[in-house]
Every structure is written in structure tokens, then in C-alpha cells.
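**Student:** Take this structure, written in C-alpha cells, and hold onto it; I'll ask about it next.
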Amino acid sequence: MTAEQARPPAATSARTGNSEPLYGGTGTRRITVRDLAAAKARSEKWPMLTAYDALTARIFDAAGIPVLLVGDSAAMVVYGHDTTIPVTVNELIPLTAAVVRGARRAMVVADLPFGSYQASVEAAMATATRFLKETGAQAVKLEGVRRVLPQVEELVAAGIPVMAHLGLTPQSVNAIGGYRVQGRGEDGERLMHDAKAMQAAGAFALVLECVPADLAARVTATLTIPTIGIGAGPDCDAQVLVWQDMAGLTPQTAKFVKKYADVGAVLRDAAECFAADVVSGSFPTPEFSYR
């Protein structure tokens, strides 16, 4: 099945009133938090991908992906670090601005990097304001709960939409002892409480990463805001993957990653063919030369 065949026609997709589906819609205006809330009310599932540059953002936008996340995962897939911790605001801002320029319909969410919002409400406000003013992003994402609840409340009160992130929070990898499933046993009730607290603070959506599928299903059924799963089972309202993982560019991936292509092999083959033509003298031919 091709991507075009998989994309649901706007005329036959589930909708309420005049609302078009998030994935498969034909409108050109930006997706908003109200659209995500309406999709939750319709029990409509939708996809989210990361993006870090204008070209891939344009491709994913044309494919109908309604939300693009400029993730702090850029630390690894763009800048070559081992974790998300080293990436800075100044490194993510130009990437976010490029994604905004590349996408016309998709909502662009900017990840607030480690150390840029945890210290205080003032720090969070300054960082989030920079992302919205300097990049054109429509929302920000941050990790954690108890310490950052005041930040979420103040950002939302100031008119900045906030996507929350619970479960495995990669910025806290050193504190939680590595990349491990979160929310098993009694920790599940704590995560449920945290999810409700984030919703009460005004978050418009909640990422659930590496949590048991049954817990994610309970959280999704309990909350009125959409949940976005990554390694959290099939019952979340949406699913997100790092696009390089999804497309087969990343050498090693987590258990929850399904590779939908082998773009790495395609690029390698293209590079080898180009190199062979250059070495043999068969490129450039007159067709690719000026007179």
C-alpha cells in the first residue's frame, strides 16, 4: 500500500460538524490545539513525527502529518551526542525555524532543552518566548511534573501552549538510571496522578514514553487531553517516532521502533553509485555540463 493509498480521504474520514480529520485533511491553515482537542473528542488517532530541517518538514507536511516535533533528540540525530542533554537553545532555535518555514499546515512544537526551564518560571518563560518569537513555533514541550508544574501553569497563562512529557523522560536519564520502562507497579498510580496534574495545569497534550500499554490506555481514557505514545502501546490518541528511526537511518533503535523504510541503504547506494561514476569518469556527461 502506498502512502497516498493509506491516507484517508477527507470526505469519508470521521469528523464532527465541519471539522476535517487531522491526518488526511485538505485544509492549508495551521493545525491548532483546538484541532487536537476536537480529534480527541472524535476518538480520532493521528501521527506525529520529529523534524529538524525545512526539506523533511516539507515532505512530512505534504504527507499530511499534522504535528511536527523539533525534538531535543536533535542532540543525537543531528549533532551526534549520546544523549539529549548536551543540546542547547541556540542549537535548536535555527532547526525549529527551518521546520516552521518548511511546513504550511502542521503544528510545529519546539522541545525545550535540558537546563532551559527547570530552574524557575522566569527561565521557562524566557526560553519559551524565544522559541515562539524567533522561530514561529506554535507550542513548546517540556519534561517532568512536580518541579515544572508552576512553569506549565505560567506558560499557559501567558498564552504559550505546552505539551507535557511523562514516563521515560530522556533529559532525566542520569537520575532514573538509563533508558528503562517507567510506571510499573505502584509507580503507575504516581504516573496517573502526574498526568492529571499536568492536565489541570493546562497542558494541551501529553507524551507518554516507555510506559506499560495498559497504563497508557488507562491514562488515555481518563484524560480529556490527547495522549501521544512512544513505546506506550496502541491505545494512545496519537503516536510519535523520531523520523530517522522510522525511516531506517538509525543503526540501533528501541524495541518500540518500527522501521518503515531503509533510507540508510538507499543513501549509501546512491553515494556509492555517484562515487563509481566520478572515479570512472562517466559523470558528468555532456547532459550535466554547460556549454
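Chain lettering (A, B, ...) mirrors the order of the C-alpha cells, residue numbering begins at 1 for each chain separately, and ligand numbering begins at 1 in order of display.
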Name the residues of segment 26-238 of chain A that fall into strand (DSSP E) according to DSSP on the backbone, using the chain letters and numbers of this document, as a PyMOL selection string.
**Tutor:** chain A and resi 46-50+67-70+107-111+139-141+162-167+205-209+227-230+238
**Student:** As a PyMOL selection string, which residues of segment 83-266 of chain A does DSSP assign to helix (DSSP H, G or I)?
**Tutor:** chain A and resi 89-102+121-135+149-157+170-176+186-201+213-222+243-246+263-266
**Student:** Just want the 12 Å neighbourhood of Leu267 of chain A, counted on only C-alpha atoms, with same-chain residues fewer than 5 positions away dropped. Output as JSON, numbers by chain.
**Tutor:** {"A": [247, 248, 249, 261, 262, 272, 273, 274]}
**Student:** Excluding Gln239 of chain A and its own-chain neighbours fewer than 6 positions away, which residues fall within 10 Å of it when counting only C-alpha atoms? Please give them as a list in words.
**Tutor:** Lys45, Trp46, Pro47, Met48, Leu49, Val207, Leu208, Thr227, Ile228, Gly229, Ile230, Gly231, Ala232 and Gly233 of chain A
**Student:** The selected residues should be written to file as an mmCIF file, in the first residue's frame (atoms: all heavy atoms).
**Tutor:**
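Generated output (result.cif):
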```cif
data_model
loop_
_atom_site.group_PDB
_atom_site.id
_atom_site.type_symbol
_atom_site.label_atom_id
_atom_site.label_comp_id
_atom_site.auth_asym_id
_atom_site.auth_seq_id
_atom_site.Cartn_x
_atom_site.Cartn_y
_atom_site.Cartn_z
ATOM 1 N N LYS A 45 -7.424 8.916 15.871
ATOM 2 C CA LYS A 45 -5.991 8.744 16.073
ATOM 3 C C LYS A 45 -5.210 9.534 15.014
ATOM 4 O O LYS A 45 -5.691 9.721 13.898
ATOM 5 C CB LYS A 45 -5.603 7.264 16.017
ATOM 6 C CG LYS A 45 -6.159 6.456 17.188
ATOM 7 C CD LYS A 45 -5.707 5.007 17.110
ATOM 8 C CE LYS A 45 -6.224 4.190 18.283
ATOM 9 N NZ LYS A 45 -5.607 4.586 19.560
ATOM 10 N N TRP A 46 -3.993 9.964 15.379
ATOM 11 C CA TRP A 46 -3.209 10.756 14.442
ATOM 12 C C TRP A 46 -1.718 10.558 14.685
ATOM 13 O O TRP A 46 -1.292 10.173 15.774
ATOM 14 C CB TRP A 46 -3.573 12.238 14.534
ATOM 15 C CG TRP A 46 -3.673 12.822 15.903
ATOM 16 C CD1 TRP A 46 -4.768 12.813 16.721
ATOM 17 C CD2 TRP A 46 -2.636 13.488 16.647
ATOM 18 N NE1 TRP A 46 -4.497 13.436 17.906
ATOM 19 C CE2 TRP A 46 -3.189 13.873 17.894
ATOM 20 C CE3 TRP A 46 -1.311 13.833 16.360
ATOM 21 C CZ2 TRP A 46 -2.452 14.548 18.855
ATOM 22 C CZ3 TRP A 46 -0.573 14.513 17.311
ATOM 23 C CH2 TRP A 46 -1.146 14.866 18.543
ATOM 24 N N PRO A 47 -0.902 10.821 13.654
ATOM 25 C CA PRO A 47 0.542 10.601 13.750
ATOM 26 C C PRO A 47 1.303 11.890 14.016
ATOM 27 O O PRO A 47 0.882 12.978 13.624
ATOM 28 C CB PRO A 47 0.885 10.073 12.348
ATOM 29 C CG PRO A 47 -0.072 10.818 11.459
ATOM 30 C CD PRO A 47 -1.337 11.029 12.263
ATOM 31 N N MET A 48 2.439 11.758 14.682
ATOM 32 C CA MET A 48 3.364 12.870 14.886
ATOM 33 C C MET A 48 4.771 12.367 14.587
ATOM 34 O O MET A 48 5.105 11.221 14.915
ATOM 35 C CB MET A 48 3.279 13.398 16.323
ATOM 36 C CG MET A 48 4.182 14.576 16.625
ATOM 37 S SD MET A 48 3.783 15.391 18.221
ATOM 38 C CE MET A 48 4.794 14.457 19.355
ATOM 39 N N LEU A 49 5.580 13.189 13.941
ATOM 40 C CA LEU A 49 6.970 12.856 13.665
ATOM 41 C C LEU A 49 7.872 13.997 14.110
ATOM 42 O O LEU A 49 7.432 15.149 14.190
ATOM 43 C CB LEU A 49 7.193 12.610 12.164
ATOM 44 C CG LEU A 49 6.707 11.283 11.584
ATOM 45 C CD1 LEU A 49 6.839 11.282 10.075
ATOM 46 C CD2 LEU A 49 7.486 10.104 12.187
ATOM 47 N N VAL A 207 2.766 13.520 26.137
ATOM 48 C CA VAL A 207 3.564 12.424 25.601
ATOM 49 C C VAL A 207 3.780 11.398 26.702
ATOM 50 O O VAL A 207 4.156 11.748 27.830
ATOM 51 C CB VAL A 207 4.922 12.930 25.071
ATOM 52 C CG1 VAL A 207 5.817 11.749 24.661
ATOM 53 C CG2 VAL A 207 4.725 13.870 23.895
ATOM 54 N N LEU A 208 3.551 10.133 26.389
ATOM 55 C CA LEU A 208 3.817 9.020 27.293
ATOM 56 C C LEU A 208 4.890 8.149 26.652
ATOM 57 O O LEU A 208 4.642 7.540 25.604
ATOM 58 C CB LEU A 208 2.550 8.195 27.539
ATOM 59 C CG LEU A 208 1.417 8.890 28.288
ATOM 60 C CD1 LEU A 208 0.166 8.019 28.281
ATOM 61 C CD2 LEU A 208 1.831 9.219 29.721
ATOM 62 N N THR A 227 -3.311 11.970 24.394
ATOM 63 C CA THR A 227 -2.038 11.357 24.752
ATOM 64 C C THR A 227 -1.302 10.963 23.473
ATOM 65 O O THR A 227 -1.921 10.564 22.484
ATOM 66 C CB THR A 227 -2.228 10.116 25.626
ATOM 67 O OG1 THR A 227 -3.022 9.147 24.914
ATOM 68 C CG2 THR A 227 -2.912 10.472 26.933
ATOM 69 N N ILE A 228 0.020 11.064 23.529
ATOM 70 C CA ILE A 228 0.865 10.751 22.378
ATOM 71 C C ILE A 228 1.855 9.686 22.825
ATOM 72 O O ILE A 228 2.701 9.938 23.686
ATOM 73 C CB ILE A 228 1.609 12.000 21.877
ATOM 74 C CG1 ILE A 228 0.614 13.109 21.528
ATOM 75 C CG2 ILE A 228 2.482 11.669 20.673
ATOM 76 C CD1 ILE A 228 1.227 14.487 21.446
ATOM 77 N N GLY A 229 1.743 8.511 22.275
ATOM 78 C CA GLY A 229 2.558 7.400 22.726
ATOM 79 C C GLY A 229 3.854 7.245 21.954
ATOM 80 O O GLY A 229 3.908 7.479 20.747
ATOM 81 N N ILE A 230 4.888 6.844 22.672
ATOM 82 C CA ILE A 230 6.127 6.388 22.054
ATOM 83 C C ILE A 230 6.621 5.248 22.942
ATOM 84 O O ILE A 230 7.129 5.459 24.034
ATOM 85 C CB ILE A 230 7.164 7.527 21.894
ATOM 86 C CG1 ILE A 230 8.459 6.976 21.295
ATOM 87 C CG2 ILE A 230 7.385 8.316 23.174
ATOM 88 C CD1 ILE A 230 9.420 8.055 20.788
ATOM 89 N N GLY A 231 6.380 4.038 22.492
ATOM 90 C CA GLY A 231 6.629 2.888 23.341
ATOM 91 C C GLY A 231 5.610 2.785 24.454
ATOM 92 O O GLY A 231 5.938 2.354 25.564
ATOM 93 N N ALA A 232 4.359 3.156 24.177
ATOM 94 C CA ALA A 232 3.306 3.150 25.198
ATOM 95 C C ALA A 232 2.066 2.405 24.721
ATOM 96 O O ALA A 232 0.962 2.660 25.217
ATOM 97 C CB ALA A 232 2.955 4.577 25.596
ATOM 98 N N GLY A 233 2.219 1.508 23.764
ATOM 99 C CA GLY A 233 1.094 0.696 23.336
ATOM 100 C C GLY A 233 0.178 1.382 22.341
ATOM 101 O O GLY A 233 0.374 2.553 21.993
#
```
**Student:** Which one is closest to Val148 of chain A: A:Thr127, A:Gln171, A:Thr26, A:Ser120? Count only C-alpha atoms.
**Tutor:**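 Result for the nearest residue to Val148 of chain A: A:Ser120.
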